[in-house]
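Student: Take a look at the following structure, please.
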Amino acid sequence: MSEGASKLLAACSRRDQALEAAKSLLTCNTRILALLRQLQRLRKAQILQSVGLSSSNVNAPCVGKVALSDLRIPLMWKDSEYFKNKGELHRCAVFCLLQCGTEIRDTDLVMVDRTLTDICFEDTIIFNEAGPEFQVSVELYSCCVVEDFSPGPPGTRRMSFLGGSLGRSSGKKIRAAFESATVCGSASSGVDEGPGSALSPSSPYVSAPGPKYNLLAQTSLTIEHVQEGFKTHDFSLATTEDSPFWLPLYGNMCCRLAAQPLCMTQLVTSGQLKVKIGEEGNGWQNVFAVLRGQNLLCYRRQEDLEFEDKPLLVIPVEKDTVVSVSEGDPAQSVNISTQDGGEGVTYMLLMQTPGDAQRWTDSLWEHIYNLNRWKQCCDRIMKIETLTSRKTVSVKQGSLYHEMVTPTSPTEGLAVPDLSEEIRTLLSSYYKES
């Protein structure tokens, strides 16, 4: 795959094609490295299990969706560059690479010069298998864009011409940009250098003609950064002003980070039971109960749920709710102590069998555990936009790049090659070896 991707990059005849191809290669290579790390963890877990040291996953919390949207990165141009439009026109192609566990996502490619005050990514990046201990890594990659694009590496005569015909400062910067464009980064290969080696997507371990993306800045986001609105986060710079791919960043980024745990969006459990209504001992009501989100919804009949009728009773189930099993008669009753309207209230549920009582108790305990692990993400269901704003990349029809990389439909955006087959192959070989 790496060899074929390198040939594809070398076959690009246009600058836009090469930039998108190098971006796709970097993304694919990062996915492969993430998969290899996952295989290493599986191998380690298997070894620990064989010697009886494996940890139990009985209390593993539920997973959920984590979405990052409206990503903005402010720029800080000099007054002479932005207001007076003086100096050399410095242009870079940038994109963000985001990783959460083994899920890798990338944004659209954005061309940046001194006419922009912010780098704006309109994509909505969604990770579907995140746990409450998730860590979203955000990396900003940049590549210096030269107007005179050449599919192969620039020759010695061109480099000498730039150094002699232009000024010392201008020739030096443009010459550095050409040198940067002669090497394809780590996206060109997924070769492992040996046991214990940690290869990063920006490691220049393979030289190939074409653009090279370099890490410009990075940050990490956790569950503590999740909230309804926008929030500013620190952006750690990974380069200096001397680099040809450098951009004047403020050192901050702004985005909206939202999360939807499955315990808030999916049905946890349901079934027939009796709930005590009122203080009288004989005030029992047969209901069809549904545990979802922060409520136990009690309907008169199951058909009321299907027709979305108003429930007969709503029992709050929150982070501080206490669930206990009755020790007396009847043995299949469950007590739920919670806060309703600011006052402490205890609800008594009566199941049909002791087995049903145990099932409901376990489901309630696990649900409350998930609510506490996901913290503020369970205060309410956060809104996540599922649509992304992939823009159509202007690619010449019939070119080698268009046939091999882009989707068949001209209205769709650039697609990163699917790695599902490679992932299945690697996992299959792993289990065969073990």
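Ligands are numbered from 1 in the order shown, chains are lettered A, B, ... in the order of the structure tokens, and residues start at 1 in each chain.
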Fewer than 5 positions away in the same chain doesn't count, so skip those; otherwise give me all residues within 7 Å of segment 244-255 of chain A, counting only C-alpha atoms, as a ChimeraX atom specification.
Tutor: /A:68-77,92,142-144,173,176-177,216,230-237,239
Student: Could those selected residues go to a file with C-alpha atoms, as an mmCIF file, in the first residue's frame?
Tutor:
data_model
loop_
_atom_site.group_PDB
_atom_site.id
_atom_site.type_symbol
_atom_site.label_atom_id
_atom_site.label_comp_id
_atom_site.auth_asym_id
_atom_site.auth_seq_id
_atom_site.Cartn_x
_atom_site.Cartn_y
_atom_site.Cartn_z
ATOM 1 C CA LEU A 68 -15.614 18.393 17.475
ATOM 2 C CA SER A 69 -16.997 21.179 15.289
ATOM 3 C CA ASP A 70 -16.494 24.811 14.271
ATOM 4 C CA LEU A 71 -12.745 24.685 14.674
ATOM 5 C CA ARG A 72 -11.147 28.149 14.495
ATOM 6 C CA ILE A 73 -7.438 28.961 14.736
ATOM 7 C CA PRO A 74 -6.609 32.716 14.881
ATOM 8 C CA LEU A 75 -3.592 34.124 13.053
ATOM 9 C CA MET A 76 -1.387 37.016 14.097
ATOM 10 C CA TRP A 77 0.081 38.670 11.002
ATOM 11 C CA CYS A 92 0.541 27.400 3.036
ATOM 12 C CA SER A 142 1.179 22.768 7.174
ATOM 13 C CA CYS A 143 2.916 22.664 3.806
ATOM 14 C CA CYS A 144 4.494 25.638 2.069
ATOM 15 C CA LYS A 173 13.070 31.188 1.804
ATOM 16 C CA ALA A 176 13.907 26.145 1.555
ATOM 17 C CA ALA A 177 10.343 25.724 0.351
ATOM 18 C CA LEU A 216 2.740 23.053 13.097
ATOM 19 C CA PHE A 230 -17.420 27.269 22.265
ATOM 20 C CA LYS A 231 -14.261 27.173 24.306
ATOM 21 C CA THR A 232 -10.690 28.322 23.775
ATOM 22 C CA HIS A 233 -7.876 25.828 24.217
ATOM 23 C CA ASP A 234 -4.109 26.195 24.294
ATOM 24 C CA PHE A 235 -2.301 25.208 21.108
ATOM 25 C CA SER A 236 1.290 24.054 21.586
ATOM 26 C CA LEU A 237 3.521 25.271 18.763
ATOM 27 C CA THR A 239 7.984 24.889 14.985
#
Student: Going by DSSP on the backbone, which bits of segment 235-328 of chain A are strand (DSSP E)? Write them as a PyMOL selection string, please.
Tutor: chain A and resi 236-237+252-261+267-276+284-292+295-299+313-316+322-325
Student: In Å to one decimal, how far is atom CA of Leu215 of chain A from atom CA of Lys65 of chain A?
Tutor: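 Here the two named atoms are 26.7 Å from each other.
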Student: With only C-alpha atoms as the basis for distance, which of A:Cys28, A:Lys212, A:Gly342, A:Gly293 is at the shortest distance from Leu262 of chain A?
Tutor: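 Ranking A:Cys28, A:Lys212, A:Gly342, A:Gly293 by distance to Leu262 of chain A, first place goes to A:Gly293.
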Student: Select, from A:Leu312, A:Cys377, A:Leu291, A:Leu305, the residue with the minimum atom-to-atom distance to Gly131 of chain A, counting only C-alpha atoms.
Tutor: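 Under the stated criterion, the closest residue is A:Cys377.
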Student: Identify which of the residues A:Val66, A:Leu35, A:Ala60, A:Ala45 lies closest to Glu385 of chain A, counting only C-alpha atoms when measuring atom-to-atom distances.
Tutor: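 Selected residue with least distance to Glu385 of chain A: A:Val66.
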